[in-house]
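Have a look at structure05.cif below; it lists mmCIF, C-alpha atoms (C1' of nucleotides).
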data_input
loop_
_atom_site.label_atom_id
_atom_site.label_comp_id
_atom_site.auth_asym_id
_atom_site.auth_seq_id
_atom_site.Cartn_x
_atom_site.Cartn_y
_atom_site.Cartn_z
CA MET A 1 -42.56 201.07 188.45
CA VAL A 2 -38.95 202.09 188.05
CA THR A 3 -38.56 205.83 187.95
CA ASP A 4 -35.38 207.28 189.36
CA LYS A 5 -31.83 207.04 188.11
CA ASN A 6 -30.73 204.75 190.92
CA GLU A 7 -33.14 202.12 189.77
CA TRP A 8 -31.68 202.18 186.27
CA ARG A 9 -28.25 201.94 187.79
CA GLN A 10 -29.29 198.75 189.50
CA VAL A 11 -30.73 197.28 186.33
CA LEU A 12 -27.43 197.89 184.58
CA THR A 13 -25.09 196.72 187.31
CA ALA A 14 -27.22 193.61 187.75
CA ARG A 15 -26.28 192.71 184.19
CA ALA A 16 -22.63 193.63 184.60
CA ILE A 17 -22.99 196.78 182.54
CA LYS A 18 -21.10 199.80 183.73
CA PRO A 19 -23.79 202.35 184.55
CA THR A 20 -22.73 205.50 182.78
CA TYR A 21 -24.87 208.59 182.61
CA GLN A 22 -25.60 207.99 178.92
CA ARG A 23 -26.58 204.37 179.39
CA MET A 24 -28.97 205.17 182.20
CA ALA A 25 -30.59 207.87 180.10
CA ILE A 26 -30.85 205.60 177.07
CA LEU A 27 -32.34 202.80 179.12
CA GLU A 28 -34.85 205.14 180.69
CA SER A 29 -35.83 206.64 177.36
CA LEU A 30 -36.27 203.22 175.80
CA SER A 31 -38.40 201.94 178.61
CA SER A 32 -40.71 204.92 178.65
CA ASP A 33 -41.32 204.78 174.91
CA ALA A 34 -44.18 202.57 173.82
CA GLY A 35 -43.65 203.25 170.13
CA HIS A 36 -40.44 201.28 169.71
CA PRO A 37 -38.31 204.16 168.50
CA THR A 38 -35.75 204.28 165.74
CA VAL A 39 -32.17 205.23 166.48
CA ARG A 40 -32.81 208.65 165.04
CA ALA A 41 -35.89 209.26 167.17
CA LEU A 42 -34.11 208.06 170.27
CA HIS A 43 -31.17 210.31 169.55
CA ALA A 44 -33.38 213.31 168.84
CA ARG A 45 -35.11 212.85 172.17
CA LEU A 46 -31.93 212.24 174.16
CA VAL A 47 -29.84 215.14 172.85
CA ARG A 48 -32.28 217.46 174.58
CA THR A 49 -30.99 216.09 177.87
CA ILE A 50 -27.47 215.19 176.81
CA PRO A 51 -26.48 217.57 174.01
CA THR A 52 -23.20 215.82 173.34
CA LEU A 53 -24.66 212.33 172.99
CA SER A 54 -23.38 210.80 169.77
CA LYS A 55 -25.04 208.32 167.49
CA THR A 56 -21.95 206.19 167.92
CA THR A 57 -22.63 205.82 171.60
CA LEU A 58 -26.25 205.15 170.92
CA TYR A 59 -25.47 202.38 168.44
CA SER A 60 -22.86 200.76 170.65
CA THR A 61 -25.12 200.98 173.68
CA LEU A 62 -28.04 199.43 171.85
CA GLU A 63 -25.83 196.62 170.62
CA LEU A 64 -24.61 196.08 174.16
CA PHE A 65 -28.15 196.11 175.54
CA ALA A 66 -29.22 193.64 172.86
CA ARG A 67 -26.36 191.30 173.75
CA LYS A 68 -27.27 191.53 177.41
CA GLY A 69 -30.93 190.93 176.72
CA LEU A 70 -32.18 194.34 177.80
CA VAL A 71 -33.68 195.22 174.44
CA ALA A 72 -34.70 193.35 171.33
CA PRO A 73 -34.13 194.74 167.83
CA LEU A 74 -37.21 194.78 165.65
CA LEU A 75 -37.20 194.09 161.93
CA ILE A 76 -40.50 195.59 160.92
CA ASP A 77 -39.83 199.04 159.64
CA PRO A 78 -38.06 198.61 156.32
CA ALA A 79 -36.36 201.97 156.58
CA GLU A 80 -34.72 201.80 160.01
CA ALA A 81 -33.95 199.54 162.93
CA ARG A 82 -36.31 199.73 165.88
CA PHE A 83 -36.01 198.62 169.45
CA ASP A 84 -38.21 196.90 171.92
CA GLY A 85 -37.58 197.27 175.62
CA ILE A 86 -39.95 194.53 176.63
CA LEU A 87 -38.87 191.02 177.38
CA THR A 88 -42.13 189.11 177.42
CA PRO A 89 -42.98 187.48 174.08
CA HIS A 90 -45.59 189.37 172.13
CA HIS A 91 -46.55 190.28 168.59
CA HIS A 92 -46.19 193.68 167.00
CA PHE A 93 -48.32 195.89 164.86
CA PHE A 94 -46.71 198.35 162.47
CA CYS A 95 -48.93 201.20 161.31
CA THR A 96 -47.98 202.04 157.75
CA SER A 97 -49.47 205.50 158.13
CA CYS A 98 -48.05 206.94 161.35
CA GLY A 99 -45.11 204.57 161.61
CA ARG A 100 -45.75 203.57 165.20
CA ILE A 101 -45.20 200.04 166.37
CA LEU A 102 -47.69 198.80 168.92
CA ASP A 103 -47.57 195.72 171.09
CA LEU A 104 -50.18 193.05 170.58
CA SER A 105 -50.31 190.28 173.13
CA LEU A 106 -52.34 187.55 171.59
CA SER A 107 -52.12 183.83 172.00
CA CYS A 108 -50.03 182.10 169.39
CA PRO A 109 -49.49 178.35 169.39
CA ASN A 110 -46.34 178.77 167.32
CA SER A 111 -44.62 180.93 169.92
CA ARG A 112 -42.93 177.98 171.52
CA ARG A 113 -39.28 177.40 171.02
CA GLY A 114 -37.89 173.94 170.32
CA VAL A 115 -37.39 171.90 167.19
CA VAL A 116 -39.73 172.13 164.21
CA ARG A 117 -39.14 169.84 161.25
CA GLY A 118 -35.53 169.38 162.17
CA HIS A 119 -34.81 173.09 162.62
CA ARG A 120 -33.92 174.42 166.04
CA ILE A 121 -36.04 177.48 166.82
CA ASP A 122 -34.29 180.11 168.92
CA GLU A 123 -36.50 183.12 168.24
CA VAL A 124 -40.10 183.57 167.26
CA HIS A 125 -41.29 186.76 165.59
CA GLY A 126 -44.79 187.70 164.62
CA TYR A 127 -45.99 191.03 163.36
CA PHE A 128 -48.79 192.67 161.46
CA LYS A 129 -48.96 195.67 159.18
CA GLY A 130 -51.89 197.91 158.50
CA LEU A 131 -53.62 201.02 159.77
CA CYS A 132 -53.88 201.58 163.50
CA ALA A 133 -57.12 202.56 165.19
CA ASP A 134 -56.03 206.20 165.46
CA CYS A 135 -55.16 206.50 161.79
CA LEU A 136 -58.38 204.78 160.78
CA SER A 137 -60.42 207.43 162.57
CA ALA A 138 -58.21 210.40 161.70
CA PRO A 139 -56.71 209.49 158.33
CA SER A 140 -54.35 212.40 157.88
CA SER A 141 -53.86 213.99 161.29
CA ARG A 142 -51.56 211.32 162.62
CA THR A 143 -49.07 211.12 159.82
CA ARG A 144 -46.59 213.02 161.93
CA HIS A 145 -44.50 210.26 163.47
CA HIS A 146 -43.04 209.66 160.03
CA PRO A 147 -39.75 211.51 160.35
CA HIS A 148 -38.63 212.31 156.83
CA LYS A 149 -38.84 209.08 154.96
CA LYS A 150 -37.63 210.17 151.56
CA ARG A 151 -37.13 206.69 150.22
CA SER A 152 -39.98 204.68 148.87
CA PRO A 153 -38.36 201.33 149.41
CA ILE A 154 -39.21 198.07 147.78
CA HIS A 155 -40.77 197.10 151.04
CA ALA A 156 -44.21 198.62 150.90
CA MET B 1 -44.35 173.80 136.10
CA VAL B 2 -43.36 176.87 134.16
CA THR B 3 -40.05 176.42 132.45
CA ASP B 4 -39.52 178.23 129.18
CA LYS B 5 -39.19 181.91 128.49
CA ASN B 6 -42.57 182.17 126.81
CA GLU B 7 -44.30 181.18 130.00
CA TRP B 8 -42.57 183.96 131.89
CA ARG B 9 -43.55 186.33 129.14
CA GLN B 10 -47.17 185.41 129.75
CA VAL B 11 -46.88 185.89 133.49
CA LEU B 12 -45.55 189.39 132.93
CA THR B 13 -47.93 190.49 130.19
CA ALA B 14 -50.82 189.16 132.26
CA ARG B 15 -49.89 191.76 134.87
CA ALA B 16 -49.32 194.52 132.36
CA ILE B 17 -45.57 194.40 132.77
CA LYS B 18 -43.51 194.85 129.64
CA PRO B 19 -41.68 191.56 129.23
CA THR B 20 -38.07 192.53 128.71
CA TYR B 21 -35.25 190.03 128.57
CA GLN B 22 -33.99 191.14 131.98
CA ARG B 23 -37.37 190.92 133.65
CA MET B 24 -38.00 187.43 132.39
CA ALA B 25 -34.60 186.31 133.60
CA ILE B 26 -35.10 187.94 137.00
CA LEU B 27 -38.53 186.38 137.40
CA GLU B 28 -37.23 182.97 136.45
CA SER B 29 -34.28 183.24 138.80
CA LEU B 30 -36.50 184.32 141.66
CA SER B 31 -38.96 181.53 141.13
CA SER B 32 -36.35 178.83 140.97
CA ASP B 33 -34.65 179.95 144.17
CA ALA B 34 -36.01 178.44 147.35
CA GLY B 35 -33.60 180.35 149.57
CA HIS B 36 -35.16 183.76 149.16
CA PRO B 37 -32.09 185.50 147.81
CA THR B 38 -30.69 188.91 148.60
CA VAL B 39 -30.27 191.48 145.87
CA ARG B 40 -26.58 190.76 145.81
CA ALA B 41 -27.04 187.02 145.44
CA LEU B 42 -29.62 187.49 142.74
CA HIS B 43 -27.34 189.84 140.86
CA ALA B 44 -24.35 187.53 141.20
CA ARG B 45 -26.34 184.68 139.72
CA LEU B 46 -27.89 186.72 136.91
CA VAL B 47 -24.74 188.43 135.63
CA ARG B 48 -23.53 185.01 134.55
CA THR B 49 -26.35 185.02 131.99
CA ILE B 50 -26.66 188.76 131.45
CA PRO B 51 -23.23 190.28 132.07
CA THR B 52 -24.46 193.84 131.68
CA LEU B 53 -27.32 193.53 134.16
CA SER B 54 -27.09 196.39 136.62
CA LYS B 55 -28.13 196.53 140.23
CA THR B 56 -30.23 199.53 139.28
CA THR B 57 -32.36 197.41 136.97
CA LEU B 58 -32.57 194.72 139.60
CA TYR B 59 -33.79 197.12 142.24
CA SER B 60 -36.32 198.80 139.97
CA THR B 61 -37.57 195.46 138.69
CA LEU B 62 -38.01 194.08 142.19
CA GLU B 63 -39.88 197.19 143.21
CA LEU B 64 -42.09 196.81 140.16
CA PHE B 65 -42.70 193.13 140.86
CA ALA B 66 -43.54 193.93 144.47
CA ARG B 67 -46.04 196.57 143.39
CA LYS B 68 -47.62 194.11 140.96
CA GLY B 69 -47.77 191.39 143.57
CA LEU B 70 -45.29 189.04 141.92
CA VAL B 71 -42.88 188.99 144.84
CA ALA B 72 -42.98 189.88 148.50
CA PRO B 73 -40.07 191.58 150.26
CA LEU B 74 -38.93 189.84 153.43
CA LEU B 75 -37.72 191.63 156.54
CA ILE B 76 -35.85 188.87 158.27
CA ASP B 77 -32.23 189.22 157.42
CA PRO B 78 -31.03 192.31 159.24
CA ALA B 79 -28.25 192.92 156.76
CA GLU B 80 -30.06 192.89 153.42
CA ALA B 81 -33.47 192.80 151.80
CA ARG B 82 -34.72 189.42 150.67
CA PHE B 83 -37.44 188.35 148.30
CA ASP B 84 -40.12 185.75 148.27
CA GLY B 85 -41.63 184.64 144.99
CA ILE B 86 -44.48 182.77 146.62
CA LEU B 87 -47.92 184.22 147.09
CA THR B 88 -49.54 181.76 149.48
CA PRO B 89 -49.30 182.81 153.12
CA HIS B 90 -46.64 180.94 155.02
CA HIS B 91 -44.10 181.44 157.76
CA HIS B 92 -40.36 181.65 157.33
CA PHE B 93 -37.34 180.22 159.02
CA PHE B 94 -34.05 182.11 158.97
CA CYS B 95 -30.97 180.04 159.68
CA THR B 96 -28.51 182.22 161.54
CA SER B 97 -25.65 179.98 160.47
CA CYS B 98 -25.99 179.51 156.72
CA GLY B 99 -28.25 182.49 156.13
CA ARG B 100 -30.87 180.60 154.16
CA ILE B 101 -34.53 181.37 154.54
CA LEU B 102 -36.81 178.37 154.37
CA ASP B 103 -40.56 178.23 154.02
CA LEU B 104 -42.60 176.77 156.84
CA SER B 105 -46.23 176.18 156.18
CA LEU B 106 -47.82 175.69 159.55
CA SER B 107 -51.27 176.54 160.76
CA CYS B 108 -51.52 179.89 162.48
CA PRO B 109 -54.81 181.20 163.87
CA ASN B 110 -53.48 184.76 163.71
CA SER B 111 -52.91 184.64 159.95
CA ARG B 112 -56.30 186.10 159.22
CA ARG B 113 -56.61 189.63 158.01
CA GLY B 114 -59.34 191.92 159.32
CA VAL B 115 -59.58 194.17 162.33
CA VAL B 116 -57.88 193.36 165.63
CA ARG B 117 -58.45 195.69 168.58
CA GLY B 118 -59.34 198.53 166.29
CA HIS B 119 -56.35 198.14 164.00
CA ARG B 120 -56.87 197.13 160.40
CA ILE B 121 -54.55 194.23 159.54
CA ASP B 122 -53.31 194.25 155.95
CA GLU B 123 -50.33 191.95 156.24
CA VAL B 124 -49.39 189.12 158.54
CA HIS B 125 -45.79 188.07 159.00
CA GLY B 126 -44.38 185.26 161.04
CA TYR B 127 -40.86 183.99 161.14
CA PHE B 128 -38.46 182.00 163.23
CA LYS B 129 -34.73 182.18 163.74
CA GLY B 130 -32.39 179.41 164.69
CA LEU B 131 -30.27 176.65 163.22
CA CYS B 132 -31.62 174.68 160.28
CA ALA B 133 -31.53 170.89 160.14
CA ASP B 134 -28.53 170.92 157.82
CA CYS B 135 -26.49 173.20 160.03
CA LEU B 136 -27.42 171.19 163.10
CA SER B 137 -25.97 168.04 161.59
CA ALA B 138 -23.00 169.66 159.86
CA PRO B 139 -22.17 172.63 162.05
CA SER B 140 -19.43 174.19 159.98
CA SER B 141 -19.76 172.79 156.46
CA ARG B 142 -22.77 174.82 155.49
CA THR B 143 -21.60 178.25 156.48
CA ARG B 144 -21.04 179.05 152.83
CA HIS B 145 -24.23 180.83 151.84
CA HIS B 146 -23.09 183.73 153.98
CA PRO B 147 -21.69 186.02 151.31
CA HIS B 148 -19.27 188.31 153.09
CA LYS B 149 -21.16 189.70 156.02
CA LYS B 150 -18.58 191.96 157.55
CA ARG B 151 -20.97 193.81 159.76
CA SER B 152 -22.06 192.38 163.06
CA PRO B 153 -25.26 194.34 163.33
CA ILE B 154 -27.27 195.04 166.41
CA HIS B 155 -29.71 192.46 165.19
CA ALA B 156 -28.23 189.20 166.25
"C1'" DG C 1 -41.39 205.96 115.78
"C1'" DT C 2 -42.46 206.65 120.58
"C1'" DA C 3 -42.70 205.58 125.01
"C1'" DT C 4 -40.52 202.89 128.28
"C1'" DA C 5 -36.50 200.18 130.17
"C1'" DT C 6 -31.70 199.76 131.00
"C1'" DG C 7 -27.19 200.87 132.97
"C1'" DC C 8 -23.50 203.74 134.34
"C1'" DA C 9 -21.88 207.01 137.62
"C1'" DA C 10 -22.81 209.73 141.45
"C1'" DA C 11 -25.63 210.88 145.41
"C1'" DG C 12 -28.01 209.64 149.88
"C1'" DA C 13 -28.67 207.44 154.22
"C1'" DA C 14 -28.02 204.18 157.94
"C1'" DT C 15 -24.49 201.99 160.33
"C1'" DT C 16 -19.61 200.88 161.57
"C1'" DT C 17 -14.70 201.92 162.61
"C1'" DG C 18 -10.30 204.48 164.23
"C1'" DC C 19 -8.56 207.06 167.54
"C1'" DA C 20 -7.93 210.70 171.11
"C1'" DC C 21 -10.35 212.20 175.24
"C1'" DT C 22 -13.05 211.42 179.40
"C1'" DA C 23 -15.53 209.26 183.11
"C1'" DT C 24 -16.14 205.20 186.24
"C1'" DG C 25 -14.93 202.31 190.20
"C1'" DC D 1 -4.94 205.30 188.41
"C1'" DA D 2 -6.39 201.91 185.10
"C1'" DT D 3 -9.82 200.24 182.48
"C1'" DA D 4 -13.62 200.91 179.77
"C1'" DG D 5 -16.86 204.43 177.55
"C1'" DT D 6 -17.66 208.43 174.75
"C1'" DG D 7 -17.73 211.20 170.58
"C1'" DC D 8 -15.97 213.24 166.48
"C1'" DA D 9 -14.82 212.34 161.75
"C1'" DA D 10 -14.12 209.29 158.13
"C1'" DA D 11 -15.20 204.93 155.94
"C1'" DT D 12 -18.48 201.16 154.37
"C1'" DT D 13 -22.44 199.27 152.48
"C1'" DC D 14 -27.09 199.12 150.77
"C1'" DT D 15 -30.20 201.65 148.05
"C1'" DT D 16 -31.83 205.49 145.14
"C1'" DT D 17 -31.46 209.13 141.45
"C1'" DG D 18 -30.07 211.60 136.97
"C1'" DC D 19 -29.42 211.11 132.53
"C1'" DA D 20 -27.94 209.18 128.00
"C1'" DT D 21 -28.51 204.99 125.30
"C1'" DA D 22 -31.06 200.97 123.89
"C1'" DT D 23 -35.26 198.06 123.50
"C1'" DA D 24 -40.30 196.66 122.95
"C1'" DC D 25 -44.52 197.06 120.48
#
Please, can you express the file's structure as structure tokens?
Amino acid sequence: MVTDKNEWRQVLTARAIKPTYQRMAILESLSSDAGHPTVRALHARLVRTIPTLSKTTLYSTLELFARKGLVAPLLIDPAEARFDGILTPHHHFFCTSCGRILDLSLSCPNSRRGVVRGHRIDEVHGYFKGLCADCLSAPSSRTRHHPHKKRSPIHA
Amino acid sequence: MVTDKNEWRQVLTARAIKPTYQRMAILESLSSDAGHPTVRALHARLVRTIPTLSKTTLYSTLELFARKGLVAPLLIDPAEARFDGILTPHHHFFCTSCGRILDLSLSCPNSRRGVVRGHRIDEVHGYFKGLCADCLSAPSSRTRHHPHKKRSPIHA
DNA sequence: GTATATGCAAAGAATTTGCACTATG
DNA sequence: CATAGTGCAAATTCTTTGCATATAC
């Protein structure tokens, strides 16, 4: 388990990313979060440690990490972009009540890359939506994670 | 095959939706489009028939249709919302070159709803990204469908 | 006729860009 | 030191809201 700053430094330098203080903190925060945070949530958490951290830096860092393969953007939450720090292929579960995104590793025969009906498959995405186990047992107590979603978008 | 306006009227009234001229046109346009259009594309196509059609109406109509189960919003294209007029479960393929979304009906054992590891599954989504057959054979000639994507979002 | 739908203009929110300042190696 | 990163503020784009007019039954 990677825990101290030096380890994050190595992860970054190994991918030819200049290991700044912000990047190490962002990487650490991403890796320790199992809920696949939004940019806003990530920023809210990080400003407690780095009060001057800007959203600009966060966005550019996440884009950089995505290009370097350190994180994968998730298109599940209709309202905001989310990020996945894991590299092994897996499915996701989006709880429409508490807003968390959980990992689901289940076997999927379609998870192979290659060519299907003439189309070259580069990425495979699978996700589910519904109510997570916690929300099923405690219907209203877990509605917190929803930040302040004012919109009621087309995407239910 | 449903082709004339009266048929669309029936589809709408059957779902207790007031069949206005705009709604019938939007429904028809959606159903005849296999590329799962964005709001912008839909609007661009429809204003040729209904010059006064506003994006506001388009958004509210799509939200209404989604609530009534006539269309399903797609979260595949990172830049814009897309819509699927089909109701049978199927996977999608997003071509990162021409931007089209194609249907892929392939068997998937995970497409069942129900309860998985304590979570209640309400929706199942599966999609692929890559280069479609057309773009593979004609690398640059099909790049049209991309409207004017100026952003280069985090989501590759 | 009355309730609902439409459309314009303006607001809201997430994300991107320009540029001066700062930290890294 | 020189290059590359950071952060503030302003700009962009998609989407939603408020309200007056128009349409469906």
Check: What are the residues of chain D that have an atom within 12 Å of an atom of chain A, counting all atoms listed in the file, as a VMD selection string?
Finding: chain D and resid 3 to 9 14 to 17
Note to self: Could you tell me which residues of chain C sit within 10 Å of chain B when counting all atoms listed in the file, and give me the result as a VMD selection string?
What the structure shows: chain C and resid 4 to 8 15 to 16
After a least-squares superposition on chain A over all sequentially paired C-alpha atoms, what is chain B as a short mmCIF file (atom, residue, chain, number, x, y, z; two decimals) with C-alpha atoms, in the frame of the given file?
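part-v9.cif, written as the output of this step:
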data_model
loop_
_atom_site.label_atom_id
_atom_site.label_comp_id
_atom_site.auth_asym_id
_atom_site.auth_seq_id
_atom_site.Cartn_x
_atom_site.Cartn_y
_atom_site.Cartn_z
CA MET B 1 -42.57 201.16 188.39
CA VAL B 2 -38.96 202.17 188.04
CA THR B 3 -38.57 205.90 187.91
CA ASP B 4 -35.40 207.36 189.34
CA LYS B 5 -31.86 207.11 188.10
CA ASN B 6 -30.75 204.83 190.91
CA GLU B 7 -33.15 202.17 189.77
CA TRP B 8 -31.68 202.22 186.29
CA ARG B 9 -28.26 202.02 187.82
CA GLN B 10 -29.30 198.81 189.53
CA VAL B 11 -30.72 197.33 186.35
CA LEU B 12 -27.42 197.94 184.60
CA THR B 13 -25.08 196.80 187.36
CA ALA B 14 -27.21 193.68 187.79
CA ARG B 15 -26.23 192.77 184.23
CA ALA B 16 -22.61 193.72 184.65
CA ILE B 17 -22.97 196.84 182.56
CA LYS B 18 -21.08 199.89 183.72
CA PRO B 19 -23.77 202.42 184.56
CA THR B 20 -22.73 205.57 182.77
CA TYR B 21 -24.88 208.66 182.58
CA GLN B 22 -25.61 208.03 178.90
CA ARG B 23 -26.56 204.41 179.39
CA MET B 24 -28.98 205.20 182.17
CA ALA B 25 -30.60 207.89 180.08
CA ILE B 26 -30.84 205.61 177.04
CA LEU B 27 -32.34 202.81 179.09
CA GLU B 28 -34.87 205.13 180.66
CA SER B 29 -35.83 206.62 177.32
CA LEU B 30 -36.26 203.20 175.77
CA SER B 31 -38.39 201.92 178.59
CA SER B 32 -40.71 204.88 178.61
CA ASP B 33 -41.33 204.72 174.87
CA ALA B 34 -44.18 202.50 173.79
CA GLY B 35 -43.64 203.21 170.10
CA HIS B 36 -40.44 201.25 169.69
CA PRO B 37 -38.31 204.11 168.45
CA THR B 38 -35.75 204.21 165.69
CA VAL B 39 -32.18 205.17 166.43
CA ARG B 40 -32.84 208.58 164.98
CA ALA B 41 -35.91 209.19 167.11
CA LEU B 42 -34.13 208.01 170.21
CA HIS B 43 -31.20 210.27 169.50
CA ALA B 44 -33.43 213.26 168.78
CA ARG B 45 -35.15 212.82 172.11
CA LEU B 46 -31.97 212.22 174.11
CA VAL B 47 -29.90 215.13 172.79
CA ARG B 48 -32.37 217.43 174.50
CA THR B 49 -31.06 216.08 177.82
CA ILE B 50 -27.54 215.19 176.75
CA PRO B 51 -26.57 217.57 173.94
CA THR B 52 -23.26 215.85 173.29
CA LEU B 53 -24.70 212.35 172.95
CA SER B 54 -23.42 210.83 169.74
CA LYS B 55 -25.05 208.33 167.46
CA THR B 56 -21.94 206.23 167.90
CA THR B 57 -22.62 205.86 171.61
CA LEU B 58 -26.25 205.15 170.89
CA TYR B 59 -25.43 202.39 168.45
CA SER B 60 -22.81 200.79 170.67
CA THR B 61 -25.08 201.01 173.70
CA LEU B 62 -27.99 199.43 171.87
CA GLU B 63 -25.75 196.65 170.67
CA LEU B 64 -24.55 196.13 174.22
CA PHE B 65 -28.09 196.13 175.59
CA ALA B 66 -29.15 193.65 172.92
CA ARG B 67 -26.28 191.34 173.81
CA LYS B 68 -27.21 191.57 177.49
CA GLY B 69 -30.86 190.93 176.78
CA LEU B 70 -32.13 194.35 177.83
CA VAL B 71 -33.65 195.19 174.46
CA ALA B 72 -34.67 193.32 171.36
CA PRO B 73 -34.09 194.70 167.87
CA LEU B 74 -37.18 194.72 165.67
CA LEU B 75 -37.17 194.02 161.94
CA ILE B 76 -40.45 195.53 160.92
CA ASP B 77 -39.78 198.98 159.64
CA PRO B 78 -38.00 198.53 156.33
CA ALA B 79 -36.30 201.89 156.58
CA GLU B 80 -34.66 201.76 160.01
CA ALA B 81 -33.89 199.51 162.94
CA ARG B 82 -36.26 199.68 165.88
CA PHE B 83 -35.99 198.58 169.46
CA ASP B 84 -38.20 196.85 171.93
CA GLY B 85 -37.53 197.21 175.63
CA ILE B 86 -39.92 194.45 176.60
CA LEU B 87 -38.83 190.91 177.30
CA THR B 88 -42.12 189.03 177.36
CA PRO B 89 -42.99 187.42 174.03
CA HIS B 90 -45.60 189.34 172.10
CA HIS B 91 -46.54 190.26 168.57
CA HIS B 92 -46.21 193.65 166.97
CA PHE B 93 -48.33 195.88 164.84
CA PHE B 94 -46.71 198.34 162.45
CA CYS B 95 -48.91 201.19 161.30
CA THR B 96 -47.96 202.03 157.74
CA SER B 97 -49.43 205.50 158.13
CA CYS B 98 -48.00 206.94 161.33
CA GLY B 99 -45.08 204.54 161.59
CA ARG B 100 -45.72 203.54 165.18
CA ILE B 101 -45.18 200.01 166.35
CA LEU B 102 -47.67 198.78 168.90
CA ASP B 103 -47.56 195.69 171.06
CA LEU B 104 -50.18 193.03 170.56
CA SER B 105 -50.32 190.28 173.09
CA LEU B 106 -52.37 187.55 171.54
CA SER B 107 -52.17 183.82 171.94
CA CYS B 108 -50.09 182.09 169.31
CA PRO B 109 -49.58 178.32 169.30
CA ASN B 110 -46.42 178.74 167.22
CA SER B 111 -44.69 180.89 169.84
CA ARG B 112 -43.01 177.92 171.41
CA ARG B 113 -39.33 177.37 170.95
CA GLY B 114 -37.94 173.90 170.30
CA VAL B 115 -37.45 171.87 167.16
CA VAL B 116 -39.80 172.11 164.19
CA ARG B 117 -39.21 169.80 161.22
CA GLY B 118 -35.60 169.37 162.16
CA HIS B 119 -34.86 173.06 162.59
CA ARG B 120 -33.97 174.40 166.01
CA ILE B 121 -36.11 177.45 166.78
CA ASP B 122 -34.35 180.09 168.88
CA GLU B 123 -36.54 183.08 168.20
CA VAL B 124 -40.15 183.55 167.23
CA HIS B 125 -41.35 186.73 165.58
CA GLY B 126 -44.82 187.72 164.57
CA TYR B 127 -46.03 191.03 163.32
CA PHE B 128 -48.83 192.67 161.43
CA LYS B 129 -48.98 195.66 159.14
CA GLY B 130 -51.89 197.93 158.48
CA LEU B 131 -53.61 201.04 159.76
CA CYS B 132 -53.87 201.59 163.49
CA ALA B 133 -57.10 202.59 165.20
CA ASP B 134 -55.98 206.20 165.48
CA CYS B 135 -55.11 206.51 161.82
CA LEU B 136 -58.36 204.82 160.82
CA SER B 137 -60.38 207.46 162.62
CA ALA B 138 -58.17 210.43 161.77
CA PRO B 139 -56.67 209.53 158.42
CA SER B 140 -54.34 212.46 157.97
CA SER B 141 -53.83 214.01 161.40
CA ARG B 142 -51.53 211.35 162.72
CA THR B 143 -49.05 211.16 159.91
CA ARG B 144 -46.57 213.04 162.05
CA HIS B 145 -44.48 210.28 163.59
CA HIS B 146 -43.02 209.69 160.15
CA PRO B 147 -39.74 211.54 160.49
CA HIS B 148 -38.66 212.36 156.97
CA LYS B 149 -38.85 209.13 155.07
CA LYS B 150 -37.67 210.20 151.67
CA ARG B 151 -37.11 206.73 150.37
CA SER B 152 -39.96 204.68 149.02
CA PRO B 153 -38.33 201.33 149.54
CA ILE B 154 -39.20 198.08 147.89
CA HIS B 155 -40.81 197.07 151.12
CA ALA B 156 -44.19 198.64 151.01
#
Margin query: Contacts from chain A to chain B, 9 Å maximum, only C-alpha atoms: show me the residue list as an NGL selection string.
Written below: :A and (59-60 or 62-64 or 66-67 or 72-78 or 81 or 93 or 95 or 104 or 106-110 or 117-136 or 153-156)
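Comparing C:DA3, C:DA23, C:DA9, C:DA14 by their smallest distance to DA20 in chain D, the closest is C:DA9 (using all atoms listed in the file).
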Next item on the list: Any chance you could resolve the PyMOL selection byres ((chain B and resi 27) around 12) against this file and give the residues as a VMD selection string?
Entry: chain B and resid 2 to 5 7 to 12 17 19 to 26 28 to 33 42 46 58 61 to 62 64 to 66 70 to 71 83 to 86
Next item on the list: Using the chain letters and residue numbers of this document, give as an MDAnalysis selection string the residues selected by the PyMOL selection byres ((chain D and resi 1) around 12).
Entry: (chainID C and resid 24:25) or (chainID D and resid 2:3)
Check: Between CA of Ile101 in chain A and CA of Pro37 in chain A, what is the spacing in Å?
Finding: 8.3 Å
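Take CA of Gly35 in chain A and CA of Pro89 in chain B: the distance between them is 27.2 Å.
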Checklist line | Interatomic distance, CA of Val39 in chain B to C1' of DA10 in chain D (Å, one decimal) | finding: 27.0 Å
